[in-house]
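A.B. asks: Once you've had a glance at the structure underneath, I'll fire off some questions.
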Amino acid sequence: MDDQQLLRYSRHILLQEIGIEGQQRLLGSCALIIGVGGLGSPAALYLASSGVGKLTLCDHDSVDFSNLQRQIIHRTGTVGQPKVVSAQSALHEINPEVECVALAIRADEAQLGELIAQADVVLDCSDNFETRYAVNRACLAQRKPLVSGAAIQFHGQVAVFDYRNDDAPCYNCLFPEDSEAEELRCATTGVFAPLVGIIGTLQAAEALKLLMGIDRGLSGKLLSINALDMNILRSSLSKDPACRTCGDITAERRVNS
């Protein structure tokens, strides 16, 4: 690191758990953020300001005026722009050293596989089950750690699935794809603006710790928050041996090992 970097990241470097070695790990890392809306906004801001070397932003949507209530990376002047372009500009102003790749696409499973293969950590900041299941499958196949977040109304949750560990539960273990869970959208049910900031920031924190090799965190756990009365619940997750997503893959890995 040069003198400017030592100054920029000095408050990280002062932390015993991070130091120069941890900061250098961040500088050499790549994070993939799926969705640059309410959750992806604070997540991207903190990953960039913390010095993650490369951020890949993937979102097919454009900035809408109604987004500005909670999607803090966007500005009134960027309404109508692709969200990834708006976010890329904001991140460059915060930390021009970070390489920011803007992909204004709805990635299919093949594209997700390619993007995830290049990332050290994946943050699922999407707003629909179809994308979450696809990202989960791709991360599992590539053995890349996944930080998943969701927020609606006053309720939010964060979970970490570290697929470098064969015994890790997957997103489908928690929310089975065939469970017919009701999918709620902010556009129809609303969402408390600071809640997405809380959840997205927690996602950034967990991603940074994964990149730096800090084991303490939410790996294999679910953190649920009710922002109306500020109840916080942390639960342990168990791998479902009958899971249709990770059960067969884990068994195959053990046979081949």
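If you're wondering about the labels, chains in the structure tokens are A, B, ... by order shown, residues count from 1 in each chain, ligands from 1 in order shown.
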Which residues are near Asp162 of chain A? Cut-off 7 Å, only C-alpha atoms, ignore same chain within fewer than 4 positions. Put them as a list of chain:residue names.

C.D. replies: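 Listing them by chain and then by number gives A:Lys144, A:Pro145, A:Leu146, A:Ala168, A:Ser219.
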
A.B. asks: List every residue of segment 152-219 of chain A that has an atom at most 9 Å from any atom of segment 68-74 of chain A, giving for each one its closest atom pair and the distance in Å to one decimal, counting only C-alpha atoms, sorted by chain and then by ascending residue number, as CSV.

C.D. replies:
residue,atom,partner,partner_atom,distance
A:Val191,CA,A:Arg70,CA,8.6
A:Phe192,CA,A:Arg70,CA,8.0
A:Ala193,CA,A:Arg70,CA,4.7
A:Pro194,CA,A:Arg70,CA,7.1
A:Leu195,CA,A:Arg70,CA,8.7
A:Val196,CA,A:Arg70,CA,7.1
A:Gly197,CA,A:Arg70,CA,7.6

A.B. asks: Can those selected residues be exported to a file as a CSV table (one decimal), in the first residue's frame so that it contains C-alpha atoms?

C.D. replies:
chain,number,residue,atom,x,y,z
A,191,VAL,CA,-40.8,-1.0,3.2
A,192,PHE,CA,-39.3,1.1,6.0
A,193,ALA,CA,-36.4,3.1,4.5
A,194,PRO,CA,-33.8,2.6,7.3
A,195,LEU,CA,-34.4,-1.2,7.4
A,196,VAL,CA,-32.8,-1.8,4.0
A,197,GLY,CA,-29.9,0.3,5.2

A.B. asks: Need the shell around segment 9-12 of chain A: protein/DNA/RNA residues with any atom at most 8 Å away, counting only C-alpha atoms. Skip same-chain ones fewer than 5 positions apart. Format as number ranges by chain?

C.D. replies: A: 18-19, 23, 50-51

A.B. asks: When you draw a straight line from atom CA of Ala138 of chain A to atom CA of Arg106 of chain A, how long is it in Å?

C.D. replies: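 Pair atom CA of Ala138 of chain A / atom CA of Arg106 of chain A returns 14.6 Å.
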
A.B. asks: Please compute the atom CA of Asn226 of chain A-atom CA of Gly156 of chain A distance, one decimal, in Å.

C.D. replies: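 That distance, rounded to one decimal, is 6.6 Å.
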
A.B. asks: With DSSP run on the backbone, what are the strand (DSSP E or B) residues within segment 6-53 of chain A? I'd like them as a list in words.

C.D. replies: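 Matching residues, listed in order: Cys30, Ala31, Leu32, Ile33 and Ile34 of chain A.
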
A.B. asks: Between atom CA of Asp64 of chain A and atom CA of Ile225 of chain A, what is the distance, to one decimal in Å?

C.D. replies: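 Computed distance, atom CA of Asp64 of chain A to atom CA of Ile225 of chain A, equals 26.9 Å.
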
A.B. asks: Where in segment 74-143 of chain A does DSSP assign helix (DSSP H, G or I), given as number ranges by chain?

C.D. replies: A: 76-78, 83-94, 109-117, 129-142

A.B. asks: Given only C-alpha atoms as the basis, pick out the residue of A:Leu39, A:Lys54, A:Asp215, A:Ser86 nearest to Thr201 of chain A.

C.D. replies: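 Closest candidate: A:Leu39.
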
A.B. asks: For Ser29 of chain A, which residue among A:Val101, A:Leu123, A:Leu91, A:Val52 is the nearest when counting only C-alpha atoms?

C.D. replies: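 Residue with the minimum atom-to-atom distance to Ser29 of chain A: A:Val52.
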
A.B. asks: If we count only C-alpha atoms, what is near Asp120 of chain A at a cut-off of 12 Å, once residues fewer than 2 positions away on the same chain are taken out, given as a count of residues only?

C.D. replies: 37

A.B. asks: Hey, which of A:Ile214, A:Ala90, A:Ala141, A:Ala107 ends up closest to Pro42 of chain A? Count only C-alpha atoms.

C.D. replies: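 The closest residue to Pro42 of chain A is A:Ala90.
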
A.B. asks: Please identify all polymer residues within 9 Å of Arg244 of chain A, counting only C-alpha atoms, omitting same-chain residues fewer than 2 positions from it, and present them as an mmCIF file with C-alpha atoms, in the first residue's frame.

C.D. replies:
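What ended up in around-v5.cif:
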data_model
loop_
_atom_site.group_PDB
_atom_site.id
_atom_site.type_symbol
_atom_site.label_atom_id
_atom_site.label_comp_id
_atom_site.auth_asym_id
_atom_site.auth_seq_id
_atom_site.Cartn_x
_atom_site.Cartn_y
_atom_site.Cartn_z
ATOM 1 C CA ASN A 172 -32.861 -23.814 -0.266
ATOM 2 C CA CYS A 173 -32.482 -25.616 3.087
ATOM 3 C CA PRO A 176 -37.321 -24.737 0.013
ATOM 4 C CA GLU A 177 -38.077 -23.825 -3.572
ATOM 5 C CA ASP A 240 -31.359 -30.427 5.270
ATOM 6 C CA PRO A 241 -30.183 -33.914 4.207
ATOM 7 C CA ALA A 242 -33.186 -34.105 1.874
ATOM 8 C CA CYS A 246 -27.323 -29.122 -1.914
ATOM 9 C CA GLY A 247 -27.993 -32.733 -0.845
ATOM 10 C CA ASP A 248 -26.996 -34.402 -4.119
#
